[in-house]
$ cat entry-v3.cif   # mmCIF, C-alpha atoms, pLDDT in the B column; chains and numbers go by the auth columns
data_input
loop_
_atom_site.group_PDB
_atom_site.id
_atom_site.type_symbol
_atom_site.label_atom_id
_atom_site.label_comp_id
_atom_site.label_asym_id
_atom_site.label_seq_id
_atom_site.Cartn_x
_atom_site.Cartn_y
_atom_site.Cartn_z
_atom_site.B_iso_or_equiv
_atom_site.auth_seq_id
_atom_site.auth_asym_id
ATOM 1 C CA MET A 1 16.166 -8.001 -7.619 58.00 17 G
ATOM 2 C CA PRO A 2 18.320 -4.844 -7.546 68.00 18 G
ATOM 3 C CA ASP A 3 19.401 -3.447 -4.191 80.00 19 G
ATOM 4 C CA LEU A 4 17.227 -0.705 -2.791 89.00 20 G
ATOM 5 C CA LEU A 5 20.325 1.351 -2.064 92.00 21 G
ATOM 6 C CA ASP A 6 22.990 0.830 -4.702 94.00 22 G
ATOM 7 C CA ARG A 7 26.502 2.062 -3.830 94.00 23 G
ATOM 8 C CA ALA A 8 26.506 3.823 -7.186 96.00 24 G
ATOM 9 C CA ALA A 9 23.570 5.927 -5.982 96.00 25 G
ATOM 10 C CA ILE A 10 25.516 7.344 -3.030 97.00 26 G
ATOM 11 C CA ARG A 11 27.511 10.563 -3.402 97.00 27 G
ATOM 12 C CA LEU A 12 28.946 12.131 -0.304 97.00 28 G
ATOM 13 C CA ASP A 13 30.630 15.196 -1.815 96.00 29 G
ATOM 14 C CA ALA A 14 27.891 16.691 -3.968 97.00 30 G
ATOM 15 C CA VAL A 15 27.574 20.418 -4.637 98.00 31 G
ATOM 16 C CA ALA A 16 24.319 22.021 -5.777 98.00 32 G
ATOM 17 C CA ALA A 17 23.529 25.568 -6.897 97.00 33 G
ATOM 18 C CA ASP A 18 20.028 25.457 -5.432 97.00 34 G
ATOM 19 C CA ARG A 19 17.175 23.202 -4.364 98.00 35 G
ATOM 20 C CA ASP A 20 16.039 22.241 -7.863 98.00 36 G
ATOM 21 C CA ASP A 21 19.614 21.452 -8.859 98.00 37 G
ATOM 22 C CA ALA A 22 19.940 19.155 -5.823 98.00 38 G
ATOM 23 C CA ILE A 23 16.665 17.409 -6.701 98.00 39 G
ATOM 24 C CA ARG A 24 17.766 16.937 -10.306 98.00 40 G
ATOM 25 C CA GLN A 25 21.052 15.427 -9.119 98.00 41 G
ATOM 26 C CA CYS A 26 19.063 12.962 -6.993 98.00 42 G
ATOM 27 C CA GLY A 27 16.968 12.147 -10.045 97.00 43 G
ATOM 28 C CA HIS A 28 20.070 11.554 -12.146 98.00 44 G
ATOM 29 C CA ALA A 29 21.494 9.272 -9.452 98.00 45 G
ATOM 30 C CA LEU A 30 18.292 7.203 -9.528 97.00 46 G
ATOM 31 C CA GLU A 31 18.340 7.183 -13.316 97.00 47 G
ATOM 32 C CA GLY A 32 21.981 6.116 -13.218 97.00 48 G
ATOM 33 C CA VAL A 33 21.141 2.894 -11.370 96.00 49 G
ATOM 34 C CA GLY A 34 18.268 2.159 -13.747 96.00 50 G
ATOM 35 C CA ALA A 35 15.514 2.862 -11.214 95.00 51 G
ATOM 36 C CA VAL A 36 13.698 5.568 -13.161 96.00 52 G
ATOM 37 C CA ASP A 37 13.232 7.054 -16.623 96.00 53 G
ATOM 38 C CA ALA A 38 14.418 10.601 -17.183 95.00 54 G
ATOM 39 C CA SER A 39 10.849 11.951 -17.032 95.00 55 G
ATOM 40 C CA TYR A 40 10.754 11.095 -13.330 95.00 56 G
ATOM 41 C CA ILE A 41 13.219 13.886 -12.634 96.00 57 G
ATOM 42 C CA ASP A 42 10.718 16.549 -13.723 95.00 58 G
ATOM 43 C CA ALA A 43 8.069 14.873 -11.573 93.00 59 G
ATOM 44 C CA MET A 44 10.399 15.193 -8.575 94.00 60 G
ATOM 45 C CA VAL A 45 10.897 18.915 -9.142 95.00 61 G
ATOM 46 C CA GLU A 46 7.172 19.404 -9.686 91.00 62 G
ATOM 47 C CA ARG A 47 6.279 17.530 -6.517 88.00 63 G
ATOM 48 C CA GLU A 48 8.656 19.665 -4.477 91.00 64 G
ATOM 49 C CA ARG A 49 6.816 22.794 -5.638 89.00 65 G
ATOM 50 C CA SER A 50 3.440 21.503 -4.426 81.00 66 G
ATOM 51 C CA VAL A 51 4.528 19.878 -1.172 82.00 67 G
ATOM 52 C CA PRO A 52 8.093 20.283 0.049 85.00 68 G
ATOM 53 C CA THR A 53 9.934 17.173 1.173 89.00 69 G
ATOM 54 C CA TYR A 54 12.098 18.738 3.857 90.00 70 G
ATOM 55 C CA VAL A 55 11.679 16.392 6.823 88.00 71 G
ATOM 56 C CA GLY A 56 13.864 18.011 9.465 86.00 72 G
ATOM 57 C CA GLU A 57 17.431 17.659 10.782 89.00 73 G
ATOM 58 C CA GLY A 58 18.905 19.035 7.564 94.00 74 G
ATOM 59 C CA VAL A 59 17.431 16.206 5.500 94.00 75 G
ATOM 60 C CA ALA A 60 15.087 16.267 2.498 95.00 76 G
ATOM 61 C CA ILE A 61 13.576 13.245 0.769 93.00 77 G
ATOM 62 C CA PRO A 62 12.722 14.343 -2.779 95.00 78 G
ATOM 63 C CA HIS A 63 10.512 12.009 -4.766 92.00 79 G
ATOM 64 C CA GLY A 64 8.009 12.082 -7.615 89.00 80 G
ATOM 65 C CA THR A 65 4.261 12.374 -7.813 80.00 81 G
ATOM 66 C CA LEU A 66 1.567 9.755 -8.235 73.00 82 G
ATOM 67 C CA ALA A 67 1.559 10.592 -11.949 73.00 83 G
ATOM 68 C CA GLY A 68 5.318 10.053 -12.062 78.00 84 G
ATOM 69 C CA LYS A 69 5.079 6.474 -10.804 83.00 85 G
ATOM 70 C CA ASP A 70 4.879 5.149 -14.351 90.00 86 G
ATOM 71 C CA ALA A 71 8.456 6.322 -14.833 94.00 87 G
ATOM 72 C CA VAL A 72 9.683 4.129 -11.950 94.00 88 G
ATOM 73 C CA ARG A 73 11.258 0.841 -12.998 94.00 89 G
ATOM 74 C CA HIS A 74 12.116 -0.473 -9.569 92.00 90 G
ATOM 75 C CA ASP A 75 12.080 0.704 -5.950 90.00 91 G
ATOM 76 C CA ALA A 76 15.299 2.505 -5.111 92.00 92 G
ATOM 77 C CA ILE A 77 16.741 5.284 -3.030 93.00 93 G
ATOM 78 C CA CYS A 78 19.791 7.449 -3.489 96.00 94 G
ATOM 79 C CA VAL A 79 21.803 9.344 -0.885 96.00 95 G
ATOM 80 C CA LEU A 80 23.445 12.629 -1.811 97.00 96 G
ATOM 81 C CA ARG A 81 25.338 14.584 0.764 97.00 97 G
ATOM 82 C CA PHE A 82 25.909 18.306 0.261 97.00 98 G
ATOM 83 C CA PRO A 83 28.616 19.279 2.762 96.00 99 G
ATOM 84 C CA ASP A 84 28.190 22.994 1.939 96.00 100 G
ATOM 85 C CA GLY A 85 24.439 22.773 2.370 97.00 101 G
ATOM 86 C CA VAL A 86 21.609 23.735 0.027 98.00 102 G
ATOM 87 C CA ASP A 87 19.020 26.403 0.781 97.00 103 G
ATOM 88 C CA TRP A 88 15.712 24.531 0.880 96.00 104 G
ATOM 89 C CA ASP A 89 12.978 27.124 1.278 92.00 105 G
ATOM 90 C CA GLY A 90 14.853 28.625 4.197 94.00 106 G
ATOM 91 C CA HIS A 91 16.068 25.312 5.669 94.00 107 G
ATOM 92 C CA LEU A 92 19.672 24.252 5.252 96.00 108 G
ATOM 93 C CA VAL A 93 19.750 20.786 3.715 97.00 109 G
ATOM 94 C CA LYS A 94 22.934 18.742 3.951 97.00 110 G
ATOM 95 C CA LEU A 95 21.566 15.360 2.992 97.00 111 G
ATOM 96 C CA CYS A 96 19.060 14.265 0.364 97.00 112 G
ATOM 97 C CA VAL A 97 17.537 10.817 0.321 95.00 113 G
ATOM 98 C CA GLY A 98 15.902 10.600 -3.099 95.00 114 G
ATOM 99 C CA ILE A 99 13.137 8.047 -3.502 92.00 115 G
ATOM 100 C CA ALA A 100 11.684 6.113 -6.406 92.00 116 G
ATOM 101 C CA ALA A 101 8.962 3.664 -5.480 87.00 117 G
ATOM 102 C CA LYS A 102 6.413 1.564 -7.265 84.00 118 G
ATOM 103 C CA GLY A 103 5.532 -0.585 -4.304 77.00 119 G
ATOM 104 C CA ASP A 104 6.330 -0.706 -0.610 75.00 120 G
ATOM 105 C CA GLY A 105 9.873 -2.043 -0.863 76.00 121 G
ATOM 106 C CA HIS A 106 11.336 1.146 0.570 81.00 122 G
ATOM 107 C CA VAL A 107 8.983 1.525 3.533 82.00 123 G
ATOM 108 C CA ARG A 108 11.208 -0.175 6.089 79.00 124 G
ATOM 109 C CA LEU A 109 14.157 1.905 5.077 80.00 125 G
ATOM 110 C CA LEU A 110 12.115 5.095 5.407 84.00 126 G
ATOM 111 C CA SER A 111 10.940 3.942 8.782 84.00 127 G
ATOM 112 C CA GLU A 112 14.560 3.487 9.786 83.00 128 G
ATOM 113 C CA LEU A 113 15.352 6.957 8.471 87.00 129 G
ATOM 114 C CA ALA A 114 12.534 8.403 10.610 86.00 130 G
ATOM 115 C CA GLN A 115 14.047 6.750 13.693 86.00 131 G
ATOM 116 C CA ILE A 116 17.443 8.216 12.853 89.00 132 G
ATOM 117 C CA LEU A 117 16.078 11.706 12.318 88.00 133 G
ATOM 118 C CA LEU A 118 14.157 11.692 15.584 85.00 134 G
ATOM 119 C CA ASP A 119 17.416 11.203 17.448 88.00 135 G
ATOM 120 C CA PRO A 120 19.643 14.282 16.995 90.00 136 G
ATOM 121 C CA ASP A 121 22.885 12.333 17.568 93.00 137 G
ATOM 122 C CA SER A 122 22.045 9.666 14.982 92.00 138 G
ATOM 123 C CA ALA A 123 20.858 12.353 12.598 93.00 139 G
ATOM 124 C CA ARG A 124 24.193 14.133 12.926 94.00 140 G
ATOM 125 C CA ALA A 125 26.097 10.891 12.352 94.00 141 G
ATOM 126 C CA LEU A 126 24.188 10.289 9.132 94.00 142 G
ATOM 127 C CA ARG A 127 24.457 13.898 7.975 93.00 143 G
ATOM 128 C CA GLU A 128 28.178 14.090 8.598 93.00 144 G
ATOM 129 C CA SER A 129 29.265 10.650 7.476 93.00 145 G
ATOM 130 C CA ALA A 130 31.857 10.758 4.706 92.00 146 G
ATOM 131 C CA ASN A 131 31.964 6.978 4.364 95.00 147 G
ATOM 132 C CA VAL A 132 29.732 5.029 1.976 96.00 148 G
ATOM 133 C CA ASP A 133 29.805 1.830 4.046 95.00 149 G
ATOM 134 C CA GLU A 134 28.799 3.719 7.147 94.00 150 G
ATOM 135 C CA VAL A 135 25.872 5.363 5.354 94.00 151 G
ATOM 136 C CA ILE A 136 24.661 1.963 4.162 92.00 152 G
ATOM 137 C CA ARG A 137 25.035 0.542 7.660 91.00 153 G
ATOM 138 C CA LEU A 138 23.186 3.441 9.292 91.00 154 G
ATOM 139 C CA LEU A 139 20.249 3.135 6.910 89.00 155 G
ATOM 140 C CA GLN A 140 20.030 -0.646 7.145 82.00 156 G
ATOM 141 C CA PRO A 141 16.643 -1.488 8.664 71.00 157 G
ATOM 142 C CA ALA A 142 16.957 -3.151 12.067 63.00 158 G
ATOM 143 C CA ALA A 143 16.677 -6.921 11.728 53.00 159 G
ATOM 144 C CA GLN A 144 13.907 -7.280 14.297 48.00 160 G
ATOM 145 C CA GLU A 145 11.735 -4.757 12.513 46.00 161 G
ATOM 146 C CA VAL A 146 8.403 -6.309 11.513 47.00 162 G
ATOM 147 C CA PRO A 147 6.874 -4.906 8.329 49.00 163 G
ATOM 148 C CA GLN A 148 3.317 -3.668 8.832 47.00 164 G
ATOM 149 C CA MET B 1 -13.634 14.753 19.215 86.00 266 H
ATOM 150 C CA ASN B 2 -11.941 12.695 21.864 91.00 267 H
ATOM 151 C CA GLY B 3 -8.698 10.805 21.346 91.00 268 H
ATOM 152 C CA LYS B 4 -10.176 7.557 22.665 91.00 269 H
ATOM 153 C CA ASP B 5 -12.706 7.531 19.795 93.00 270 H
ATOM 154 C CA VAL B 6 -9.988 7.397 17.144 95.00 271 H
ATOM 155 C CA LYS B 7 -9.876 3.935 15.606 96.00 272 H
ATOM 156 C CA LYS B 8 -8.555 4.790 12.179 97.00 273 H
ATOM 157 C CA LEU B 9 -5.993 7.474 11.447 97.00 274 H
ATOM 158 C CA ILE B 10 -5.191 8.338 7.844 96.00 275 H
ATOM 159 C CA VAL B 11 -2.002 10.040 6.740 95.00 276 H
ATOM 160 C CA ALA B 12 -3.067 11.685 3.496 93.00 277 H
ATOM 161 C CA CYS B 13 -0.464 12.300 0.857 85.00 278 H
ATOM 162 C CA ASP B 14 0.087 13.090 -2.750 78.00 279 H
ATOM 163 C CA ALA B 15 2.212 10.260 -4.088 68.00 280 H
ATOM 164 C CA GLY B 16 2.307 7.951 -1.085 66.00 281 H
ATOM 165 C CA MET B 17 5.932 7.077 -1.580 70.00 282 H
ATOM 166 C CA GLY B 18 7.881 9.376 0.654 77.00 283 H
ATOM 167 C CA SER B 19 7.236 11.591 3.593 77.00 284 H
ATOM 168 C CA SER B 20 3.721 10.350 4.313 81.00 285 H
ATOM 169 C CA VAL B 21 4.973 6.768 4.357 84.00 286 H
ATOM 170 C CA MET B 22 7.650 7.812 6.797 85.00 287 H
ATOM 171 C CA LEU B 23 5.161 9.629 9.032 89.00 288 H
ATOM 172 C CA ALA B 24 2.629 6.762 8.919 90.00 289 H
ATOM 173 C CA SER B 25 5.315 4.302 9.905 87.00 290 H
ATOM 174 C CA GLN B 26 6.383 6.593 12.731 88.00 291 H
ATOM 175 C CA LEU B 27 2.811 7.027 13.996 93.00 292 H
ATOM 176 C CA ARG B 28 2.254 3.249 13.947 92.00 293 H
ATOM 177 C CA LYS B 29 5.281 2.898 16.144 90.00 294 H
ATOM 178 C CA GLU B 30 4.156 5.613 18.559 92.00 295 H
ATOM 179 C CA LEU B 31 0.589 4.291 18.708 94.00 296 H
ATOM 180 C CA ARG B 32 1.565 0.639 18.868 92.00 297 H
ATOM 181 C CA LYS B 33 -0.120 0.198 22.245 91.00 298 H
ATOM 182 C CA SER B 34 -3.315 1.954 21.195 91.00 299 H
ATOM 183 C CA ALA B 35 -6.033 0.220 19.175 89.00 300 H
ATOM 184 C CA VAL B 36 -5.580 2.586 16.242 95.00 301 H
ATOM 185 C CA THR B 37 -5.117 1.601 12.623 96.00 302 H
ATOM 186 C CA VAL B 38 -2.728 3.923 10.794 96.00 303 H
ATOM 187 C CA GLU B 39 -2.852 3.955 7.000 92.00 304 H
ATOM 188 C CA HIS B 40 -1.577 6.257 4.287 89.00 305 H
ATOM 189 C CA THR B 41 -3.760 7.003 1.291 89.00 306 H
ATOM 190 C CA PRO B 42 -3.744 9.528 -1.539 87.00 307 H
ATOM 191 C CA VAL B 43 -5.434 12.756 -0.493 90.00 308 H
ATOM 192 C CA ASN B 44 -8.229 12.330 -3.048 89.00 309 H
ATOM 193 C CA SER B 45 -9.235 8.881 -1.776 90.00 310 H
ATOM 194 C CA ILE B 46 -9.500 9.233 1.988 94.00 311 H
ATOM 195 C CA PRO B 47 -11.684 6.328 3.185 95.00 312 H
ATOM 196 C CA GLY B 48 -15.105 7.171 4.602 94.00 313 H
ATOM 197 C CA ASP B 49 -14.429 5.395 7.894 96.00 314 H
ATOM 198 C CA ALA B 50 -11.401 7.531 8.763 97.00 315 H
ATOM 199 C CA ASP B 51 -11.740 9.122 12.212 97.00 316 H
ATOM 200 C CA VAL B 52 -8.988 11.658 11.742 97.00 317 H
ATOM 201 C CA VAL B 53 -6.797 12.736 8.837 97.00 318 H
ATOM 202 C CA VAL B 54 -3.223 13.972 9.173 96.00 319 H
ATOM 203 C CA CYS B 55 -1.651 15.794 6.247 93.00 320 H
ATOM 204 C CA HIS B 56 0.871 18.433 5.296 90.00 321 H
ATOM 205 C CA ALA B 57 -0.508 21.978 5.382 90.00 322 H
ATOM 206 C CA GLY B 58 0.063 22.175 1.626 86.00 323 H
ATOM 207 C CA LEU B 59 -2.510 19.420 1.124 89.00 324 H
ATOM 208 C CA GLY B 60 -5.019 20.690 3.705 93.00 325 H
ATOM 209 C CA ALA B 61 -7.486 22.178 1.209 94.00 326 H
ATOM 210 C CA ARG B 62 -7.505 19.031 -0.919 93.00 327 H
ATOM 211 C CA ALA B 63 -7.996 16.848 2.162 94.00 328 H
ATOM 212 C CA LYS B 64 -10.906 19.028 3.291 95.00 329 H
ATOM 213 C CA ALA B 65 -12.545 18.731 -0.145 95.00 330 H
ATOM 214 C CA SER B 66 -12.019 14.971 -0.134 94.00 331 H
ATOM 215 C CA ALA B 67 -13.253 14.343 3.433 95.00 332 H
ATOM 216 C CA PRO B 68 -15.366 17.365 4.443 95.00 333 H
ATOM 217 C CA ASP B 69 -16.785 15.730 7.588 94.00 334 H
ATOM 218 C CA THR B 70 -13.563 14.279 8.980 95.00 335 H
ATOM 219 C CA PRO B 71 -11.348 16.222 11.403 95.00 336 H
ATOM 220 C CA ILE B 72 -8.105 17.165 9.681 96.00 337 H
ATOM 221 C CA ILE B 73 -4.847 17.860 11.462 96.00 338 H
ATOM 222 C CA THR B 74 -2.322 19.705 9.306 94.00 339 H
ATOM 223 C CA PHE B 75 1.380 19.961 9.991 92.00 340 H
ATOM 224 C CA GLN B 76 4.375 21.847 8.603 86.00 341 H
ATOM 225 C CA VAL B 77 7.219 19.574 9.657 81.00 342 H
ATOM 226 C CA PHE B 78 7.142 15.877 8.794 81.00 343 H
ATOM 227 C CA LEU B 79 8.826 14.657 11.939 81.00 344 H
ATOM 228 C CA GLY B 80 8.254 16.086 15.369 83.00 345 H
ATOM 229 C CA ASP B 81 5.579 18.647 14.409 89.00 346 H
ATOM 230 C CA PRO B 82 3.817 19.918 17.567 93.00 347 H
ATOM 231 C CA ALA B 83 0.350 19.436 15.999 94.00 348 H
ATOM 232 C CA VAL B 84 1.070 15.755 15.391 94.00 349 H
ATOM 233 C CA THR B 85 2.588 15.329 18.839 94.00 350 H
ATOM 234 C CA ARG B 86 -0.592 16.817 20.380 95.00 351 H
ATOM 235 C CA LEU B 87 -2.725 14.381 18.380 96.00 352 H
ATOM 236 C CA VAL B 88 -0.652 11.379 19.439 96.00 353 H
ATOM 237 C CA ASN B 89 -0.877 12.461 23.073 95.00 354 H
ATOM 238 C CA ALA B 90 -4.649 12.994 22.810 95.00 355 H
ATOM 239 C CA ILE B 91 -5.074 9.470 21.420 95.00 356 H
ATOM 240 C CA LYS B 92 -2.823 7.955 24.082 94.00 357 H
ATOM 241 C CA ASN B 93 -4.441 9.861 26.956 93.00 358 H
ATOM 242 C CA GLY B 94 -8.016 9.883 25.674 92.00 359 H
ATOM 243 C CA SER B 95 -8.151 13.667 25.770 92.00 360 H
ATOM 244 C CA GLU B 96 -9.866 16.172 23.486 92.00 361 H
ATOM 245 C CA ILE B 97 -8.612 16.753 19.920 88.00 362 H
ATOM 246 C CA ASN B 98 -8.957 20.221 18.476 77.00 363 H
ATOM 247 C CA ALA B 99 -9.024 19.747 14.722 69.00 364 H
#
$ encode --input "entry-v3.cif" --output "structure tokens"
Amino acid sequence: MPDLLDRAAIRLDAVAADRDDAIRQCGHALEGVGAVDASYIDAMVERERSVPTYVGEGVAIPHGTLAGKDAVRHDAICVLRFPDGVDWDGHLVKLCVGIAAKGDGHVRLLSELAQILLDPDSARALRESANVDEVIRLLQPAAQEVPQ
Amino acid sequence: MNGKDVKKLIVACDAGMGSSVMLASQLRKELRKSAVTVEHTPVNSIPGDADVVVCHAGLGARAKASAPDTPIITFQVFLGDPAVTRLVNAIKNGSEINA
């Protein structure tokens, strides 16, 4: 089974012209590790227009719609860091965690991300990390976590 | 309604793969000590036995159409929204919920 977070799907020095460009880059990163078909990228942009995925602390988690799930080949996330920030409907986003999911394989990782974002110091560490190994370590679900 | 009467809380979402999953997982954690089941479902299939529905403001109208008789709490921010914090506190303390 492929890793949920492939090193190849992490880019810490990304630059985006605007929100949609950032989302498309996330989509391409997911496509690049074989997680989604290209059509998923449009679903991600479309979803953002109906319900934004800004979650706070300078982080957005773009993902597709229910209809776009057919374009998902396996559960995966990507991490793109935009050191210059991207204007996200008035919020400044510095980190995107793009999601492709068929099942619930990514739920623990998202739960871990929620914990990080609720603690401003951890959120800053994740947002400002320029090291791929550190990003992977920060997002690693805690071992004692029981899936629900 | 009163927070102590909440047995089933639904986080309603569009795709059920991102932010709602994150919020549901967070609410489970916060309500671990309460006898509340937290589930996430698509906004157009909210179960009939839901006591309260939590969803993003952008999905509020669809949630209302899907579950017209269930109190709906809408929020703007996925993590740390004051409306959600008030709901969690009402459930924990058994106080009144204003949906």
$ closest_atom_pairs --input "entry-v3.cif" --of "chain H" --to "chain G" --cutoff "10 Å" --atoms "all atoms listed in the file" --output "tab-separated table"
residue	atom	partner	partner_atom	distance
H:Cys278	CA	G:Val67	CA	9.3
H:Asp279	CA	G:Leu82	CA	6.6
H:Ala280	CA	G:Leu82	CA	4.2
H:Gly281	CA	G:Leu82	CA	7.4
H:Met282	CA	G:Ala117	CA	6.0
H:Gly283	CA	G:His79	CA	6.6
H:Ser284	CA	G:Thr69	CA	6.7
H:Ser285	CA	G:Thr69	CA	9.7
H:Val286	CA	G:Val123	CA	6.7
H:Met287	CA	G:Leu126	CA	5.4
H:Leu288	CA	G:Ala130	CA	7.6
H:Ala289	CA	G:Ser127	CA	8.8
H:Ser290	CA	G:Ser127	CA	5.7
H:Gln291	CA	G:Ser127	CA	6.6
H:Arg293	CA	G:Gln164	CA	8.7
H:Lys294	CA	G:Ser127	CA	9.3
H:Val303	CA	G:Gln164	CA	9.9
H:Glu304	CA	G:Gln164	CA	10.0
H:Pro307	CA	G:Leu82	CA	8.5
H:His321	CA	G:Val67	CA	7.6
H:Ala322	CA	G:Val67	CA	8.5
H:Gly323	CA	G:Val67	CA	5.7
H:Leu324	CA	G:Val67	CA	7.4
H:Gln341	CA	G:Val71	CA	9.3
H:Val342	CA	G:Val71	CA	6.2
H:Phe343	CA	G:Val71	CA	5.0
H:Leu344	CA	G:Val71	CA	6.1
H:Gly345	CA	G:Leu134	CA	7.4
H:Asp346	CA	G:Gly72	CA	9.7
$ write_last_selection --input "entry-v3.cif" --atoms "C-alpha atoms" --output "compact mmCIF listing (two decimals), in the frame of the given file"
# COMPACT_ATOMS: atom_id res chain seq x y z
CA CYS H 278 -0.46 12.30 0.86
CA ASP H 279 0.09 13.09 -2.75
CA ALA H 280 2.21 10.26 -4.09
CA GLY H 281 2.31 7.95 -1.08
CA MET H 282 5.93 7.08 -1.58
CA GLY H 283 7.88 9.38 0.65
CA SER H 284 7.24 11.59 3.59
CA SER H 285 3.72 10.35 4.31
CA VAL H 286 4.97 6.77 4.36
CA MET H 287 7.65 7.81 6.80
CA LEU H 288 5.16 9.63 9.03
CA ALA H 289 2.63 6.76 8.92
CA SER H 290 5.32 4.30 9.90
CA GLN H 291 6.38 6.59 12.73
CA ARG H 293 2.25 3.25 13.95
CA LYS H 294 5.28 2.90 16.14
CA VAL H 303 -2.73 3.92 10.79
CA GLU H 304 -2.85 3.96 7.00
CA PRO H 307 -3.74 9.53 -1.54
CA HIS H 321 0.87 18.43 5.30
CA ALA H 322 -0.51 21.98 5.38
CA GLY H 323 0.06 22.18 1.63
CA LEU H 324 -2.51 19.42 1.12
CA GLN H 341 4.38 21.85 8.60
CA VAL H 342 7.22 19.57 9.66
CA PHE H 343 7.14 15.88 8.79
CA LEU H 344 8.83 14.66 11.94
CA GLY H 345 8.25 16.09 15.37
CA ASP H 346 5.58 18.65 14.41
$ closest_residue --input "entry-v3.cif" --among "G:Ala146, G:Val61, G:Leu20, G:Ala25" --to "Arg40 of chain G" --atoms "all atoms listed in the file"
G:Val61
$ atom_distance --input "entry-v3.cif" --atom1 "atom CA of Cys42 of chain G" --atom2 "atom CA of Pro136 of chain G"
24.0 Å
$ atom_distance --input "entry-v3.cif" --atom1 "atom CA of Asp86 of chain G" --atom2 "atom CA of Ser55 of chain G"
9.4 Å
$ residues_around --input "entry-v3.cif" --residues "Met266 of chain H" --least-positions-apart "4" --cutoff "10 Å" --atoms "all atoms listed in the file" --output "list in words"
Asp270, Val271, Asp316, Val317, Pro336, Ala355, Gly359, Ser360, Glu361, Ile362, Asn363 and Ala364 of chain H
$ write_last_selection --input "entry-v3.cif" --atoms "C-alpha atoms" --output "PDB file, keeping the file's coordinate frame"
ATOM      1  CA  ASP H 270     -12.706   7.531  19.795  1.00 93.00           C
ATOM      2  CA  VAL H 271      -9.988   7.397  17.144  1.00 95.00           C
ATOM      3  CA  ASP H 316     -11.740   9.122  12.212  1.00 97.00           C
ATOM      4  CA  VAL H 317      -8.988  11.658  11.742  1.00 97.00           C
ATOM      5  CA  PRO H 336     -11.348  16.222  11.403  1.00 95.00           C
ATOM      6  CA  ALA H 355      -4.649  12.994  22.810  1.00 95.00           C
ATOM      7  CA  GLY H 359      -8.016   9.883  25.674  1.00 92.00           C
ATOM      8  CA  SER H 360      -8.151  13.667  25.770  1.00 92.00           C
ATOM      9  CA  GLU H 361      -9.866  16.172  23.486  1.00 92.00           C
ATOM     10  CA  ILE H 362      -8.612  16.753  19.920  1.00 88.00           C
ATOM     11  CA  ASN H 363      -8.957  20.221  18.476  1.00 77.00           C
ATOM     12  CA  ALA H 364      -9.024  19.747  14.722  1.00 69.00           C
TER      13      ALA H 364
END
$ residues_around --input "entry-v3.cif" --residues "segment 308-311 of chain H" --least-positions-apart "2" --cutoff "7 Å" --atoms "only C-alpha atoms" --output "list in words"
Ala277, Cys278, Asp279, Thr306, Gly313, Arg327, Ala328, Ser331 and Ala332 of chain H
